[in-house]
Amino acid sequence: MAHTLVEFVRSVQTNLDNGVIVPINATPTLILEFGMNVPTATNFIELTTTVGWQAMNVFVTPPEKPKLLLQVFMDGVVVGSAEQESISYDEDEILEMTTAFHSILTNVSVGFHVIQVFASNPEDLQGDITITGPVNISGRVYAPA
């Protein structure tokens with residue numbers, strides 16, 4: 001079945017590597033937010049999230065390493081998430097990574113919805129995470145043609 005793009009929205013903190021400096025700890029931090037209108041009851045939504053980050057002061061002893069946890073909320077409910085562990089092998093090394101993922105939602109209720117992205121480091125005692133960029137999310141609503 002053919003589908004038509006009926007809504008496109010985005011939130012951009014930066015499109016550049018090293019465009020921002022946002023320290024992340026165990027407390028979730030709001031990094032992106034936008035509103036999205038869903039005009040039809042039969043639909044699917046694609047959310048594409050990209051976050052560039054650095055891990056520093058990583059303790060190389062097991063069991064845990066710092067992790068970037070990204071959570072996408074729609075109207076206060078988690079609808080997507082990704083967790084990526086740092087892989088540094090040297091406490092003095094700065095590890096640069098980019099985490100990107102898609103969230104696909106189907107038949108979201110008609111109306112206006114708030115999308116938010118929160119970042120946290122559940123293992124913040126094992127090392128430091130700083131969001132550096134790029135940091136963005138885009139959302140597309142498709143409906144049957």
# chains A, B, ... in the order shown; residues from 1 in each chain; ligands from 1
$ residues_around --residues "Met56 in chain A" --least-positions-apart "6" --cutoff "12 Å" --atoms "only C-alpha atoms" --output "list in words"
Pro23, Ile24, Lys65, Pro66, Lys67, Ser86, Ile87, Ser88, Tyr89, Asp90, Glu91, Asp92, Glu93, Ile94, Leu95, Glu96, Met97, Asp124, Leu125, Gln126, Gly127, Asp128, Ile129, Thr130 and Ile131 of chain A
$ residues_around --residues "Thr132 in chain A" --least-positions-apart "3" --cutoff "7 Å" --atoms "only C-alpha atoms" --output "PyMOL selection string"
chain A and resi 17-22+52-54
$ select_by_dssp --residues "range 5-48 of chain A" --states "strand (DSSP E or B)" --output "mmCIF file with all heavy atoms, in the first residue's frame"
data_model
loop_
_atom_site.group_PDB
_atom_site.id
_atom_site.type_symbol
_atom_site.label_atom_id
_atom_site.label_comp_id
_atom_site.auth_asym_id
_atom_site.auth_seq_id
_atom_site.Cartn_x
_atom_site.Cartn_y
_atom_site.Cartn_z
ATOM 1 N N LEU A 5 3.622 11.231 2.906
ATOM 2 C CA LEU A 5 4.129 12.011 4.031
ATOM 3 C C LEU A 5 3.130 13.128 4.316
ATOM 4 O O LEU A 5 2.842 13.941 3.436
ATOM 5 C CB LEU A 5 5.504 12.585 3.695
ATOM 6 C CG LEU A 5 6.138 13.481 4.753
ATOM 7 C CD1 LEU A 5 6.472 12.686 5.999
ATOM 8 C CD2 LEU A 5 7.392 14.134 4.190
ATOM 9 N N VAL A 6 2.579 13.165 5.539
ATOM 10 C CA VAL A 6 1.592 14.187 5.879
ATOM 11 C C VAL A 6 2.093 15.171 6.932
ATOM 12 O O VAL A 6 1.455 16.205 7.150
ATOM 13 C CB VAL A 6 0.257 13.555 6.340
ATOM 14 C CG1 VAL A 6 -0.399 12.802 5.189
ATOM 15 C CG2 VAL A 6 0.442 12.662 7.547
ATOM 16 N N GLU A 7 3.219 14.880 7.572
ATOM 17 C CA GLU A 7 3.777 15.787 8.578
ATOM 18 C C GLU A 7 5.262 15.489 8.719
ATOM 19 O O GLU A 7 5.680 14.327 8.756
ATOM 20 C CB GLU A 7 3.076 15.586 9.925
ATOM 21 C CG GLU A 7 3.588 16.417 11.052
ATOM 22 C CD GLU A 7 2.996 17.831 11.096
ATOM 23 O OE1 GLU A 7 2.209 18.210 10.198
ATOM 24 O OE2 GLU A 7 3.321 18.563 12.039
ATOM 25 N N PHE A 8 6.071 16.558 8.788
ATOM 26 C CA PHE A 8 7.509 16.423 9.039
ATOM 27 C C PHE A 8 7.895 17.469 10.071
ATOM 28 O O PHE A 8 7.564 18.646 9.924
ATOM 29 C CB PHE A 8 8.335 16.634 7.764
ATOM 30 C CG PHE A 8 9.814 16.630 8.032
ATOM 31 C CD1 PHE A 8 10.496 15.443 8.177
ATOM 32 C CD2 PHE A 8 10.516 17.819 8.185
ATOM 33 C CE1 PHE A 8 11.857 15.424 8.453
ATOM 34 C CE2 PHE A 8 11.874 17.812 8.462
ATOM 35 C CZ PHE A 8 12.550 16.613 8.600
ATOM 36 N N VAL A 9 8.574 17.034 11.128
ATOM 37 C CA VAL A 9 9.028 17.943 12.174
ATOM 38 C C VAL A 9 10.415 17.520 12.614
ATOM 39 O O VAL A 9 10.852 16.384 12.361
ATOM 40 C CB VAL A 9 8.061 17.951 13.373
ATOM 41 C CG1 VAL A 9 6.751 18.618 13.016
ATOM 42 C CG2 VAL A 9 7.814 16.555 13.884
ATOM 43 N N ARG A 10 11.110 18.448 13.286
ATOM 44 C CA ARG A 10 12.446 18.103 13.762
ATOM 45 C C ARG A 10 12.834 19.017 14.904
ATOM 46 O O ARG A 10 12.260 20.081 15.099
ATOM 47 C CB ARG A 10 13.494 18.154 12.657
ATOM 48 C CG ARG A 10 14.017 19.528 12.295
ATOM 49 C CD ARG A 10 13.190 20.124 11.198
ATOM 50 N NE ARG A 10 13.694 21.362 10.680
ATOM 51 C CZ ARG A 10 13.223 22.553 11.011
ATOM 52 N NH1 ARG A 10 12.312 22.670 11.942
ATOM 53 N NH2 ARG A 10 13.668 23.636 10.447
ATOM 54 N N SER A 11 13.826 18.570 15.639
ATOM 55 C CA SER A 11 14.452 19.363 16.687
ATOM 56 C C SER A 11 15.951 19.190 16.521
ATOM 57 O O SER A 11 16.444 18.065 16.418
ATOM 58 C CB SER A 11 14.001 18.883 18.072
ATOM 59 O OG SER A 11 14.620 19.635 19.095
ATOM 60 N N VAL A 12 16.655 20.305 16.463
ATOM 61 C CA VAL A 12 18.096 20.273 16.226
ATOM 62 C C VAL A 12 18.792 21.128 17.272
ATOM 63 O O VAL A 12 18.538 22.325 17.373
ATOM 64 C CB VAL A 12 18.450 20.801 14.817
ATOM 65 C CG1 VAL A 12 19.957 20.800 14.605
ATOM 66 C CG2 VAL A 12 17.747 19.988 13.753
ATOM 67 N N GLN A 13 19.650 20.484 18.058
ATOM 68 C CA GLN A 13 20.504 21.251 18.961
ATOM 69 C C GLN A 13 21.754 21.683 18.202
ATOM 70 O O GLN A 13 22.192 22.806 18.309
ATOM 71 C CB GLN A 13 20.866 20.416 20.185
ATOM 72 C CG GLN A 13 21.328 21.248 21.346
ATOM 73 C CD GLN A 13 21.517 20.426 22.584
ATOM 74 O OE1 GLN A 13 22.656 20.223 22.981
ATOM 75 N NE2 GLN A 13 20.454 19.954 23.196
ATOM 76 N N THR A 14 22.297 20.757 17.410
ATOM 77 C CA THR A 14 23.426 21.063 16.526
ATOM 78 C C THR A 14 23.562 19.941 15.501
ATOM 79 O O THR A 14 23.262 18.792 15.790
ATOM 80 C CB THR A 14 24.744 21.245 17.298
ATOM 81 O OG1 THR A 14 25.784 21.605 16.381
ATOM 82 C CG2 THR A 14 25.168 19.976 18.015
ATOM 83 N N VAL A 22 27.363 19.210 26.660
ATOM 84 C CA VAL A 22 26.303 18.927 27.624
ATOM 85 C C VAL A 22 26.735 17.732 28.471
ATOM 86 O O VAL A 22 26.672 16.587 28.005
ATOM 87 C CB VAL A 22 24.962 18.618 26.911
ATOM 88 C CG1 VAL A 22 23.869 18.346 27.938
ATOM 89 C CG2 VAL A 22 24.560 19.735 25.966
ATOM 90 N N PRO A 23 27.206 17.972 29.707
ATOM 91 C CA PRO A 23 27.572 16.856 30.580
ATOM 92 C C PRO A 23 26.329 16.044 30.944
ATOM 93 O O PRO A 23 25.255 16.595 31.191
ATOM 94 C CB PRO A 23 28.152 17.532 31.823
ATOM 95 C CG PRO A 23 28.377 18.955 31.441
ATOM 96 C CD PRO A 23 27.451 19.266 30.320
ATOM 97 N N ILE A 24 26.479 14.715 30.974
ATOM 98 C CA ILE A 24 25.364 13.810 31.255
ATOM 99 C C ILE A 24 25.721 12.961 32.473
ATOM 100 O O ILE A 24 26.814 12.388 32.539
ATOM 101 C CB ILE A 24 25.085 12.900 30.033
ATOM 102 C CG1 ILE A 24 24.728 13.735 28.809
ATOM 103 C CG2 ILE A 24 23.993 11.894 30.348
ATOM 104 C CD1 ILE A 24 23.469 14.563 28.951
ATOM 105 N N THR A 29 18.440 13.987 31.367
ATOM 106 C CA THR A 29 18.508 15.381 30.942
ATOM 107 C C THR A 29 17.764 15.536 29.626
ATOM 108 O O THR A 29 18.035 14.801 28.675
ATOM 109 C CB THR A 29 19.986 15.808 30.749
ATOM 110 O OG1 THR A 29 20.679 15.631 31.984
ATOM 111 C CG2 THR A 29 20.100 17.246 30.289
ATOM 112 N N LEU A 30 16.842 16.490 29.569
ATOM 113 C CA LEU A 30 16.117 16.780 28.334
ATOM 114 C C LEU A 30 17.083 17.420 27.341
ATOM 115 O O LEU A 30 17.681 18.455 27.631
ATOM 116 C CB LEU A 30 14.943 17.722 28.602
ATOM 117 C CG LEU A 30 14.129 18.162 27.391
ATOM 118 C CD1 LEU A 30 13.426 16.977 26.729
ATOM 119 C CD2 LEU A 30 13.115 19.230 27.798
ATOM 120 N N ILE A 31 17.253 16.775 26.159
ATOM 121 C CA ILE A 31 18.180 17.329 25.162
ATOM 122 C C ILE A 31 17.484 17.775 23.884
ATOM 123 O O ILE A 31 18.035 18.581 23.140
ATOM 124 C CB ILE A 31 19.329 16.350 24.842
ATOM 125 C CG1 ILE A 31 18.804 15.024 24.312
ATOM 126 C CG2 ILE A 31 20.228 16.151 26.067
ATOM 127 C CD1 ILE A 31 19.892 14.092 23.770
ATOM 128 N N LEU A 32 16.281 17.259 23.603
ATOM 129 C CA LEU A 32 15.548 17.617 22.387
ATOM 130 C C LEU A 32 14.049 17.558 22.665
ATOM 131 O O LEU A 32 13.601 16.727 23.459
ATOM 132 C CB LEU A 32 15.876 16.661 21.231
ATOM 133 C CG LEU A 32 17.313 16.626 20.740
ATOM 134 C CD1 LEU A 32 17.554 15.388 19.888
ATOM 135 C CD2 LEU A 32 17.637 17.877 19.957
ATOM 136 N N GLU A 33 13.278 18.417 21.953
ATOM 137 C CA GLU A 33 11.835 18.422 22.149
ATOM 138 C C GLU A 33 11.164 19.079 20.946
ATOM 139 O O GLU A 33 11.687 20.044 20.385
ATOM 140 C CB GLU A 33 11.510 19.210 23.418
ATOM 141 C CG GLU A 33 10.057 19.278 23.782
ATOM 142 C CD GLU A 33 9.855 19.964 25.123
ATOM 143 O OE1 GLU A 33 10.505 20.994 25.408
ATOM 144 O OE2 GLU A 33 9.033 19.451 25.899
ATOM 145 N N PHE A 34 10.004 18.549 20.540
ATOM 146 C CA PHE A 34 9.191 19.184 19.511
ATOM 147 C C PHE A 34 7.760 18.685 19.607
ATOM 148 O O PHE A 34 7.477 17.703 20.290
ATOM 149 C CB PHE A 34 9.755 18.963 18.092
ATOM 150 C CG PHE A 34 9.786 17.536 17.620
ATOM 151 C CD1 PHE A 34 8.665 16.938 17.064
ATOM 152 C CD2 PHE A 34 10.953 16.791 17.696
ATOM 153 C CE1 PHE A 34 8.700 15.623 16.612
ATOM 154 C CE2 PHE A 34 11.003 15.481 17.252
ATOM 155 C CZ PHE A 34 9.863 14.903 16.706
ATOM 156 N N GLY A 35 6.859 19.374 18.904
ATOM 157 C CA GLY A 35 5.467 18.966 18.823
ATOM 158 C C GLY A 35 5.174 18.417 17.446
ATOM 159 O O GLY A 35 5.773 18.839 16.454
ATOM 160 N N MET A 36 4.257 17.468 17.390
ATOM 161 C CA MET A 36 3.920 16.817 16.122
ATOM 162 C C MET A 36 2.407 16.654 16.029
ATOM 163 O O MET A 36 1.778 16.190 16.974
ATOM 164 C CB MET A 36 4.599 15.443 16.065
ATOM 165 C CG MET A 36 4.151 14.558 14.927
ATOM 166 S SD MET A 36 4.901 12.916 15.015
ATOM 167 C CE MET A 36 6.537 13.292 14.429
ATOM 168 N N ASN A 37 1.851 17.030 14.879
ATOM 169 C CA ASN A 37 0.430 16.848 14.635
ATOM 170 C C ASN A 37 0.216 15.557 13.839
ATOM 171 O O ASN A 37 0.882 15.327 12.833
ATOM 172 C CB ASN A 37 -0.148 18.034 13.856
ATOM 173 C CG ASN A 37 -1.639 17.895 13.680
ATOM 174 O OD1 ASN A 37 -2.361 17.631 14.629
ATOM 175 N ND2 ASN A 37 -2.104 18.069 12.456
ATOM 176 N N VAL A 38 -0.712 14.736 14.302
ATOM 177 C CA VAL A 38 -1.079 13.508 13.594
ATOM 178 C C VAL A 38 -2.506 13.716 13.073
ATOM 179 O O VAL A 38 -3.452 13.726 13.861
ATOM 180 C CB VAL A 38 -0.990 12.278 14.513
ATOM 181 C CG1 VAL A 38 -1.453 11.025 13.789
ATOM 182 C CG2 VAL A 38 0.428 12.108 15.042
ATOM 183 N N PHE A 44 1.622 5.731 10.325
ATOM 184 C CA PHE A 44 2.805 5.278 11.028
ATOM 185 C C PHE A 44 3.773 6.444 11.115
ATOM 186 O O PHE A 44 3.765 7.358 10.288
ATOM 187 C CB PHE A 44 3.433 4.001 10.441
ATOM 188 C CG PHE A 44 4.132 4.150 9.125
ATOM 189 C CD1 PHE A 44 5.483 4.438 9.065
ATOM 190 C CD2 PHE A 44 3.439 3.972 7.932
ATOM 191 C CE1 PHE A 44 6.131 4.554 7.848
ATOM 192 C CE2 PHE A 44 4.079 4.078 6.718
ATOM 193 C CZ PHE A 44 5.426 4.379 6.674
ATOM 194 N N ILE A 45 4.558 6.438 12.174
ATOM 195 C CA ILE A 45 5.483 7.529 12.463
ATOM 196 C C ILE A 45 6.883 6.956 12.528
ATOM 197 O O ILE A 45 7.108 5.913 13.156
ATOM 198 C CB ILE A 45 5.126 8.208 13.795
ATOM 199 C CG1 ILE A 45 3.752 8.869 13.692
ATOM 200 C CG2 ILE A 45 6.189 9.217 14.203
ATOM 201 C CD1 ILE A 45 3.246 9.438 15.000
ATOM 202 N N GLU A 46 7.809 7.633 11.885
ATOM 203 C CA GLU A 46 9.239 7.297 11.977
ATOM 204 C C GLU A 46 9.941 8.419 12.726
ATOM 205 O O GLU A 46 9.850 9.581 12.326
ATOM 206 C CB GLU A 46 9.871 7.176 10.597
ATOM 207 C CG GLU A 46 9.422 5.993 9.790
ATOM 208 C CD GLU A 46 10.141 5.927 8.444
ATOM 209 O OE1 GLU A 46 10.662 6.952 7.968
ATOM 210 O OE2 GLU A 46 10.165 4.832 7.878
ATOM 211 N N LEU A 47 10.639 8.077 13.798
ATOM 212 C CA LEU A 47 11.458 9.023 14.539
ATOM 213 C C LEU A 47 12.910 8.592 14.386
ATOM 214 O O LEU A 47 13.245 7.436 14.655
ATOM 215 C CB LEU A 47 11.072 9.035 16.019
ATOM 216 C CG LEU A 47 9.623 9.410 16.334
ATOM 217 C CD1 LEU A 47 9.310 9.145 17.794
ATOM 218 C CD2 LEU A 47 9.360 10.856 15.972
ATOM 219 N N THR A 48 13.761 9.502 13.932
ATOM 220 C CA THR A 48 15.181 9.206 13.752
ATOM 221 C C THR A 48 15.988 10.111 14.677
ATOM 222 O O THR A 48 15.913 11.334 14.560
ATOM 223 C CB THR A 48 15.606 9.443 12.289
ATOM 224 O OG1 THR A 48 14.773 8.647 11.442
ATOM 225 C CG2 THR A 48 17.058 9.066 12.072
#
$ atom_distance --atom1 "CA of Met74 in chain A" --atom2 "CA of Asn121 in chain A"
21.0 Å
$ atom_distance --atom1 "CA of Val51 in chain A" --atom2 "CA of Leu70 in chain A"
8.7 Å
$ closest_residue --among "A:Asn25, A:Thr49, A:Thr98, A:Asn43" --to "Val72 in chain A" --atoms "only C-alpha atoms"
A:Thr49
